[in-house]
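Engineer: Have a peek at model-v9.cif (mmCIF, C-alpha atoms).
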data_query
#
loop_
_atom_site.label_atom_id
_atom_site.label_comp_id
_atom_site.auth_asym_id
_atom_site.auth_seq_id
_atom_site.Cartn_x
_atom_site.Cartn_y
_atom_site.Cartn_z
CA MET A 9 0.00 0.00 0.00
CA ASN A 10 2.97 2.31 0.54
CA PHE A 11 3.72 2.07 -3.19
CA VAL A 12 0.16 3.14 -4.03
CA LYS A 13 0.20 6.02 -1.53
CA SER A 14 3.51 7.39 -2.80
CA ASN A 15 2.48 7.21 -6.46
CA THR A 16 -1.04 8.61 -6.34
CA LYS A 17 -2.41 12.07 -5.55
CA LYS A 18 -4.22 13.21 -2.43
CA GLY A 19 -6.08 16.49 -2.84
CA TRP A 20 -7.88 18.45 -0.17
CA GLU A 21 -10.67 20.96 0.28
CA LYS A 22 -10.47 23.91 2.64
CA LEU A 23 -13.28 24.03 5.21
CA PRO A 24 -14.16 26.74 7.78
CA ASP A 25 -12.84 24.58 10.63
CA GLY A 26 -10.03 22.74 8.88
CA ARG A 27 -9.64 20.78 5.68
CA LYS A 28 -11.08 17.66 4.09
CA ASN A 29 -8.81 15.16 2.36
CA LYS A 30 -9.86 14.03 -1.11
CA PRO A 31 -7.83 10.94 -2.09
CA GLU A 32 -7.51 9.77 -5.66
CA TYR A 33 -8.44 6.21 -4.67
CA ALA A 34 -10.22 4.64 -1.69
CA GLU A 35 -7.44 2.98 0.30
CA ARG A 36 -9.67 0.17 1.53
CA ALA A 37 -10.89 -0.53 -2.02
CA VAL A 38 -7.31 -0.90 -3.28
CA LEU A 39 -6.38 -3.14 -0.33
CA GLU A 40 -9.46 -5.29 -0.88
CA ALA A 41 -8.60 -5.61 -4.58
CA MET A 42 -4.99 -6.59 -3.87
CA VAL A 43 -6.05 -9.20 -1.30
CA ASN A 44 -8.70 -10.51 -3.68
CA HIS A 45 -6.08 -11.10 -6.36
CA PHE A 46 -3.62 -12.77 -3.98
CA ILE A 47 -6.12 -15.22 -2.53
CA HIS A 48 -7.78 -16.11 -5.84
CA ARG A 49 -4.76 -16.27 -8.14
CA ASP A 50 -3.71 -19.58 -9.68
CA TYR A 51 -0.46 -20.52 -7.93
CA THR A 52 0.09 -23.46 -10.29
CA VAL A 53 1.00 -21.03 -13.07
CA MET A 54 4.78 -20.84 -12.72
CA GLY A 55 6.71 -17.65 -13.49
CA SER A 56 3.64 -15.45 -13.14
CA GLU A 57 2.61 -12.99 -10.43
CA VAL A 58 0.10 -10.37 -9.33
CA HIS A 59 0.73 -7.07 -11.14
CA LEU A 60 -0.24 -3.58 -9.98
CA ASP A 61 0.02 -0.84 -12.63
CA ILE A 62 -0.78 2.82 -11.99
CA TYR A 63 -1.78 5.01 -14.94
CA VAL A 64 -2.76 8.67 -15.09
CA ASP A 65 -6.47 7.82 -14.94
CA ARG A 66 -6.69 4.38 -13.35
CA LEU A 67 -5.11 1.64 -11.26
CA VAL A 68 -5.06 -1.87 -12.74
CA ILE A 69 -4.42 -5.16 -10.91
CA THR A 70 -4.00 -8.41 -12.82
CA SER A 71 -3.32 -11.96 -11.65
CA PRO A 72 -2.94 -15.39 -13.27
CA GLY A 73 -6.01 -17.59 -13.38
CA GLY A 74 -9.59 -16.78 -14.25
CA MET A 75 -12.54 -17.37 -11.95
CA TYR A 76 -12.31 -20.67 -10.10
CA SER A 77 -15.86 -21.53 -11.19
CA GLY A 78 -14.92 -21.10 -14.85
CA GLN A 79 -17.42 -18.27 -15.30
CA ILE A 80 -16.62 -14.92 -16.96
CA VAL A 81 -17.01 -12.16 -14.40
CA GLN A 82 -18.04 -9.39 -16.83
CA ASP A 83 -20.98 -11.51 -17.98
CA LEU A 84 -22.49 -11.66 -14.48
CA PRO A 85 -24.35 -9.15 -12.28
CA LEU A 86 -22.21 -8.29 -9.26
CA GLU A 87 -24.67 -9.87 -6.82
CA GLU A 88 -24.62 -13.18 -8.72
CA ILE A 89 -20.85 -13.67 -8.78
CA SER A 90 -19.93 -16.92 -7.01
CA SER A 91 -17.57 -16.85 -4.04
CA ASP A 92 -15.73 -20.12 -4.74
CA ARG A 93 -12.22 -19.93 -3.36
CA ARG A 94 -9.22 -21.39 -5.13
CA ASN A 95 -7.03 -21.01 -2.02
CA PRO A 96 -9.31 -21.38 1.06
CA ILE A 97 -6.50 -21.58 3.63
CA LEU A 98 -4.92 -18.36 2.39
CA ALA A 99 -8.36 -16.73 2.37
CA ASP A 100 -8.97 -17.72 6.00
CA VAL A 101 -5.59 -16.30 7.04
CA MET A 102 -6.36 -12.98 5.31
CA ALA A 103 -9.78 -12.85 6.99
CA GLN A 104 -8.19 -13.48 10.42
CA LEU A 105 -5.77 -10.60 9.78
CA ASP A 106 -8.74 -8.35 8.86
CA TYR A 107 -7.38 -7.84 5.34
CA MET A 108 -10.68 -8.99 3.88
CA GLU A 109 -14.30 -9.31 4.91
CA LYS A 110 -16.74 -12.19 4.84
CA ARG A 111 -16.95 -14.58 1.97
CA GLY A 112 -18.21 -13.15 -1.29
CA SER A 113 -18.17 -9.47 -0.29
CA GLY A 114 -14.84 -8.43 -1.86
CA LEU A 115 -15.97 -7.05 -5.22
CA LYS A 116 -18.98 -5.33 -3.68
CA ARG A 117 -16.78 -3.62 -1.11
CA ILE A 118 -14.37 -2.39 -3.79
CA CYS A 119 -17.33 -0.75 -5.55
CA ASN A 120 -18.92 0.63 -2.35
CA GLU A 121 -15.67 2.11 -1.00
CA THR A 122 -14.99 3.78 -4.35
CA LYS A 123 -18.55 5.06 -4.60
CA ALA A 124 -18.19 6.77 -1.21
CA LEU A 125 -15.40 9.08 -2.47
CA ASP A 126 -16.01 12.73 -3.34
CA GLY A 127 -16.19 13.23 -7.08
CA TYR A 128 -17.54 9.74 -7.80
CA LYS A 129 -19.57 9.35 -11.00
CA GLU A 130 -21.17 6.21 -12.37
CA GLU A 131 -18.66 6.08 -15.24
CA LEU A 132 -15.90 5.74 -12.60
CA LYS A 133 -17.33 2.51 -11.21
CA PRO A 134 -14.63 -0.21 -10.83
CA VAL A 135 -14.51 -2.74 -13.65
CA PHE A 136 -13.82 -6.48 -13.30
CA LYS A 137 -12.81 -8.63 -16.26
CA SER A 138 -11.70 -12.23 -16.55
CA THR A 139 -10.63 -14.81 -19.09
CA ILE A 140 -9.82 -18.47 -18.52
CA SER A 141 -6.24 -17.48 -17.70
CA GLN A 142 -6.41 -14.03 -16.08
CA PHE A 143 -8.43 -11.79 -13.75
CA MET A 144 -8.27 -7.98 -13.94
CA THR A 145 -9.57 -5.24 -11.65
CA THR A 146 -9.60 -1.61 -12.82
CA ILE A 147 -10.22 1.20 -10.31
CA TYR A 148 -10.55 4.69 -11.79
CA SER A 149 -9.02 7.86 -10.37
CA MET A 150 -11.35 10.45 -8.83
CA GLU A 151 -8.89 13.20 -9.86
CA TYR A 152 -8.56 12.43 -13.56
CA GLU A 153 -10.38 14.46 -16.20
CA PRO A 154 -10.25 13.58 -19.91
CA LYS A 155 -8.67 16.31 -22.05
CA ASP A 156 -11.99 17.50 -23.49
CA GLN A 157 -13.48 17.77 -19.99
CA GLN A 158 -10.40 19.70 -18.79
CA ILE A 159 -10.88 22.23 -21.59
CA GLU A 160 -14.58 22.52 -20.80
CA HIS A 161 -13.80 22.90 -17.09
CA ASN A 162 -11.25 25.65 -17.70
CA GLN A 163 -13.54 27.52 -20.07
CA ALA A 164 -16.18 27.41 -17.34
CA GLY A 165 -13.57 28.72 -14.89
CA ILE A 166 -12.85 31.68 -17.16
CA LYS A 167 -16.55 32.46 -17.56
CA GLN A 168 -17.07 32.26 -13.80
CA GLY A 169 -14.20 34.69 -13.24
CA LEU A 170 -11.59 32.47 -11.52
CA SER A 171 -9.53 35.04 -9.65
CA TRP A 172 -6.33 35.21 -7.68
CA GLU A 173 -8.36 36.02 -4.58
CA GLN A 174 -9.56 32.42 -4.54
CA VAL A 175 -6.11 30.91 -5.06
CA GLY A 176 -4.20 33.51 -3.05
CA THR A 177 -6.17 32.67 0.10
CA LYS A 178 -5.01 29.08 -0.17
CA THR A 179 -1.37 29.81 -1.11
CA GLY A 180 -0.68 32.92 0.95
CA LEU A 181 0.76 34.67 -2.13
CA SER A 182 -0.26 37.88 -3.86
CA TRP A 183 -0.73 38.17 -7.63
CA ASP A 184 2.11 40.68 -7.83
CA GLU A 185 4.42 38.04 -6.35
CA VAL A 186 3.58 35.38 -8.92
CA ALA A 187 2.71 37.25 -12.12
CA LYS A 188 6.18 36.86 -13.67
CA LEU A 189 6.24 33.19 -12.60
CA PHE A 190 3.02 32.61 -14.55
CA ILE A 191 4.56 34.30 -17.61
CA ALA A 192 7.63 32.06 -17.53
CA LEU A 193 5.75 28.81 -16.84
CA GLN A 194 3.76 28.79 -20.07
CA GLU A 195 6.51 26.40 -21.14
CA PRO A 196 8.26 23.91 -18.77
CA LYS A 197 11.10 25.49 -16.81
CA SER A 198 13.70 24.20 -14.33
CA ILE A 199 13.93 25.42 -10.76
CA THR A 200 17.25 27.09 -11.63
CA GLU A 201 15.60 29.16 -14.36
CA LEU A 202 12.79 30.21 -12.05
CA LYS A 203 15.19 31.16 -9.24
CA GLU A 204 17.08 33.37 -11.68
CA LEU A 205 13.87 35.21 -12.52
CA TYR A 206 13.38 36.01 -8.82
CA ARG A 207 17.11 36.34 -8.04
CA TRP A 208 16.92 33.71 -5.32
CA SER A 209 19.84 31.42 -4.52
CA ASN A 210 18.32 29.06 -1.95
CA THR A 211 16.37 26.32 -3.74
CA THR A 212 14.63 24.94 -0.64
CA LYS A 213 13.30 28.34 0.45
CA PHE A 214 12.27 29.27 -3.10
CA LYS A 215 10.27 26.06 -3.49
CA ALA A 216 8.64 26.50 -0.09
CA LYS A 217 7.70 30.11 -0.86
CA TYR A 218 6.42 29.84 -4.44
CA VAL A 219 6.50 26.41 -6.04
CA SER A 220 5.08 24.03 -3.41
CA PRO A 221 1.97 26.12 -2.57
CA LEU A 222 1.12 26.49 -6.26
CA ILE A 223 1.60 22.77 -6.88
CA GLU A 224 -0.70 21.97 -3.95
CA ALA A 225 -3.26 24.37 -5.38
CA GLN A 226 -2.92 22.54 -8.75
CA ILE A 227 -1.87 25.73 -10.52
CA ILE A 228 1.64 24.46 -11.29
CA GLY A 229 2.44 20.92 -12.43
CA MET A 230 5.61 18.82 -12.61
CA THR A 231 6.85 17.00 -15.71
CA LEU A 232 8.08 14.18 -13.43
CA PRO A 233 5.44 14.02 -10.66
CA ASN A 234 6.74 10.70 -9.29
CA LYS A 235 10.30 12.06 -9.03
CA PRO A 236 9.92 15.48 -7.39
CA THR A 237 13.65 15.89 -6.64
CA SER A 238 14.93 14.75 -10.05
CA PRO A 239 17.55 17.07 -11.62
CA ASN A 240 15.51 16.76 -14.84
CA GLN A 241 12.37 18.09 -13.16
CA ARG A 242 10.54 20.89 -14.97
CA TYR A 243 7.54 22.95 -13.87
CA PHE A 244 4.67 24.25 -16.00
CA LEU A 245 1.30 25.98 -15.77
CA THR A 246 -1.58 23.53 -15.51
CA GLU A 247 -4.80 24.12 -17.45
CA SER A 248 -6.23 25.73 -14.31
CA GLY A 249 -3.16 27.96 -14.14
CA ARG A 250 -3.62 29.01 -17.76
CA ALA A 251 -7.29 29.76 -17.13
CA LEU A 252 -6.31 31.89 -14.15
CA LEU A 253 -3.67 33.73 -16.19
CA ALA A 254 -6.26 34.44 -18.88
CA ASN A 255 -8.63 35.92 -16.30
CA MET A 256 -5.94 37.96 -14.58
CA THR A 257 -4.90 39.55 -17.87
CA CYS A 258 -8.42 40.33 -19.07
CA ASN A 259 -7.81 44.08 -18.61
CA SER A 260 -6.04 43.97 -21.96
CA LYS A 261 -8.18 44.95 -24.98
CA SER A 262 -6.98 41.90 -26.88
CA SER A 263 -8.66 38.55 -26.37
CA ASP A 264 -5.48 36.78 -27.43
CA LEU A 265 -3.52 35.34 -24.51
CA THR A 266 -0.14 36.03 -26.12
CA GLU A 267 -0.91 39.75 -26.41
CA LYS A 268 -2.16 39.78 -22.83
CA VAL A 269 1.10 38.23 -21.63
CA ASN A 270 3.12 40.74 -23.64
CA HIS A 271 1.14 43.47 -21.91
CA MET A 272 2.13 42.02 -18.53
CA ILE A 273 5.78 41.76 -19.55
CA GLU A 274 5.82 45.47 -20.35
CA GLU A 275 4.98 46.16 -16.69
CA LEU A 276 8.09 44.32 -15.41
CA SER A 277 11.40 45.98 -14.59
CA GLU A 278 14.00 45.94 -17.36
CA GLU A 279 16.00 43.11 -15.76
CA GLU A 280 12.88 41.04 -15.03
CA LYS A 281 11.69 41.69 -18.58
CA ARG A 282 15.00 40.47 -20.00
CA ILE A 283 14.95 37.25 -17.99
CA ALA A 284 11.25 36.59 -18.70
CA LEU A 285 11.76 37.03 -22.45
CA GLU A 286 14.80 34.75 -22.37
CA LEU A 287 12.77 32.03 -20.62
CA LEU A 288 9.85 32.39 -23.03
CA ASN A 289 12.14 32.17 -26.07
CA LYS A 290 14.20 29.28 -24.66
CA GLU A 291 13.84 26.06 -26.58
#
Translate the structure of the given file into structure tokens.

Structural biologist:
Amino acid sequence: MNFVKSNTKKGWEKLPDGRKNKPEYAERAVLEAMVNHFIHRDYTVMGSEVHLDIYVDRLVITSPGGMYSGQIVQDLPLEEISSDRRNPILADVMAQLDYMEKRGSGLKRICNETKALDGYKEELKPVFKSTISQFMTTIYSMEYEPKDQQIEHNQAGIKQGLSWEQVGTKTGLSWDEVAKLFIALQEPKSITELKELYRWSNTTKFKAKYVSPLIEAQIIGMTLPNKPTSPNQRYFLTESGRALLANMTCNSKSSDLTEKVNHMIEELSEEEKRIALELLNKE
């Protein structure tokens, strides 16, 4: 489970008396799925193992051996799936350790735990598939949005007037502090390039001040999200960040974002302008 936790996102929502965590996956659903695959896999298939793969929009677990009954799981209603156990001793051990619930409830619990998450939609319901030689469980991310939905979401954000007041409250930063950062991050940039723009030398303090709060607010993204300290790491404006930039530059007469950005660059000091233009023109 540590592997899943360290390689998936965990958002949060600010509340009047604290904050509410919004995980990408239901931890208990993932645990139930992993246990289900370990206790039902076919251990007579040599050289094969249970696989866990994490993608941008889903988590997929596969194991050798289809359903012990010989049925095809996707052809059956969830409530009619048999609970025959290929490895009953292993199943009893897992039940004693509280890694699984009563017989036959595993797939239902995976669905129910996922359904209880914020952001759940029917199209995100877990999917179970089997063949005579393999069983697969797919659990979808609550945080993922297809590209067309992201565009639609950001357009809605622009129409609704997404402002820095909303984001600034969460990050503790003013728009004046981050405007030139937004200009530079229209293309991926290294932390060294961004520090030069602000004339900072201490990487840790710079990240804590500007980068980390904007990443947590999902305004800035990382090209290597699973390797945050990689020397090849680059930072960029997310779609939400671009929508925010568009709204914050709407005082320009032009509706073209490039012209709006140029208008903002003109308001920088000469040295800041030079560095910002260098970063924008950098290949």

Engineer: Restricting the calculation to all atoms listed in the file, which member of A:Thr52, A:Asn255, A:Ser209, A:Gln194 is positioned closest to Tyr243 (chain A)?

Structural biologist: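 Once distances to Tyr243 (chain A) are computed over all atoms listed in the file, the minimum belongs to A:Gln194.
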
Engineer: May I ask for the distance between CA of Gln82 (chain A) and CA of Lys30 (chain A), given in Å to one decimal place?

Structural biologist: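 About the pair CA of Gln82 (chain A) and CA of Lys30 (chain A): they are 29.4 Å apart.
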
Engineer: Excluding same-chain residues fewer than 6 positions from Gln174 (chain A), what lies within 12 Å of it counting all atoms listed in the file, as a PyMOL selection string?

Structural biologist: chain A and resi 22+165+168+180-183+225+227+252

Engineer: Using C-alpha atoms, can you export the residues from the last selection as a CSV table (one decimal), in the coordinates of the input?

Structural biologist:
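Result went into again-v6.csv, see below:
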chain,number,residue,atom,x,y,z
A,22,LYS,CA,-10.5,23.9,2.6
A,165,GLY,CA,-13.6,28.7,-14.9
A,168,GLN,CA,-17.1,32.3,-13.8
A,180,GLY,CA,-0.7,32.9,1.0
A,181,LEU,CA,0.8,34.7,-2.1
A,182,SER,CA,-0.3,37.9,-3.9
A,183,TRP,CA,-0.7,38.2,-7.6
A,225,ALA,CA,-3.3,24.4,-5.4
A,227,ILE,CA,-1.9,25.7,-10.5
A,252,LEU,CA,-6.3,31.9,-14.2

Engineer: Residues within 9 Å of region 222-224 of chain A, please, as a ChimeraX atom specification. Count only C-alpha atoms; anything in the same chain fewer than 4 positions from it doesn't count.

Structural biologist: /A:19-20,175,179,218,228-230

Engineer: Between A:Pro85, A:Pro96, A:Pro24, A:Gly78, which has the minimum distance to Ile47 (chain A) (counting all atoms listed in the file)?

Structural biologist: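 Ranking A:Pro85, A:Pro96, A:Pro24, A:Gly78 by distance to Ile47 (chain A), first place goes to A:Pro96.
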
Engineer: Taking all atoms listed in the file into account, name the residue in A:Met108, A:Ala99, A:Ile89, A:Ile140 that is nearest to Ser71 (chain A).

Structural biologist: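 Ranking A:Met108, A:Ala99, A:Ile89, A:Ile140 by distance to Ser71 (chain A), first place goes to A:Ile140.
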
Engineer: What is the distance between CA of Ile147 (chain A) and CA of Pro134 (chain A), in Å to one decimal?

Structural biologist: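 CA of Ile147 (chain A) sits 4.7 Å away from CA of Pro134 (chain A).
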
Engineer: Taking the file as I've supplied it (selection: the PyMOL selection byres ((chain A and resi 146) around 9)), which residues are included? Please answer as number ranges by chain.

Structural biologist: A: 66-70, 133-137, 144-145, 147-148

Engineer: Rounded to one decimal in Å, what is the spacing between CA of Val64 (chain A) and CA of Lys235 (chain A)?

Structural biologist: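 Calculated distance between CA of Val64 (chain A) and CA of Lys235 (chain A) is 14.8 Å.
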
Engineer: Can you list, as a list in words, the residues that the PyMOL selection byres ((chain A and resi 198-202) around 8) selects here?

Structural biologist: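 What the PyMOL selection byres ((chain A and resi 198-202) around 8) grabs from the file is Leu189, Ala192, Pro196, Lys197, Lys203, Glu204, Leu205, Tyr206, Thr211, Asn240, Gln241, Arg242, Tyr243 and Leu287 of chain A.
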
Engineer: To test your reading of the syntax: which residues would the PyMOL selection byres ((chain A and resi 40) around 12) return for the file shown? Reply as JSON, numbers by chain.

Structural biologist: {"A": [9, 34, 35, 36, 37, 38, 39, 41, 42, 43, 44, 45, 46, 47, 69, 99, 102, 103, 106, 107, 108, 109, 110, 112, 113, 114, 115, 116, 117, 118, 119, 120, 121, 122, 145, 147]}

Engineer: As an MDAnalysis selection string, please: the residues near Asn95 (chain A) (cut-off 10 Å, only C-alpha atoms, same-chain neighbours under 2 positions excluded).

Structural biologist: chainID A and resid 46:51 76 92:93 97:100

Engineer: Taking only C-alpha atoms into account, name the residue in A:Pro72, A:Gln226, A:Ala216, A:Pro221 that is nearest to Thr177 (chain A).

Structural biologist: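 So, comparing all the options, the nearest one is A:Pro221.
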
Engineer: So, with only C-alpha atoms as the atoms that count, which of A:Leu60, A:Val219, A:Asp126, A:Val81 lies closest to Glu21 (chain A)?

Structural biologist: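 Answer, going by the shortest atom-to-atom distance: A:Asp126.
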
Engineer: Around all of region 239-253 of chain A's listed atoms, make the axis-aligned box with 5 Å on each side and tell me centre and edge lengths in Å to one decimal, as AutoDock Vina command-line options.

Structural biologist:
--center_x 5.1 --center_y 25.2 --center_z -14.7 --size_x 34.8 --size_y 27.0 --size_z 16.1
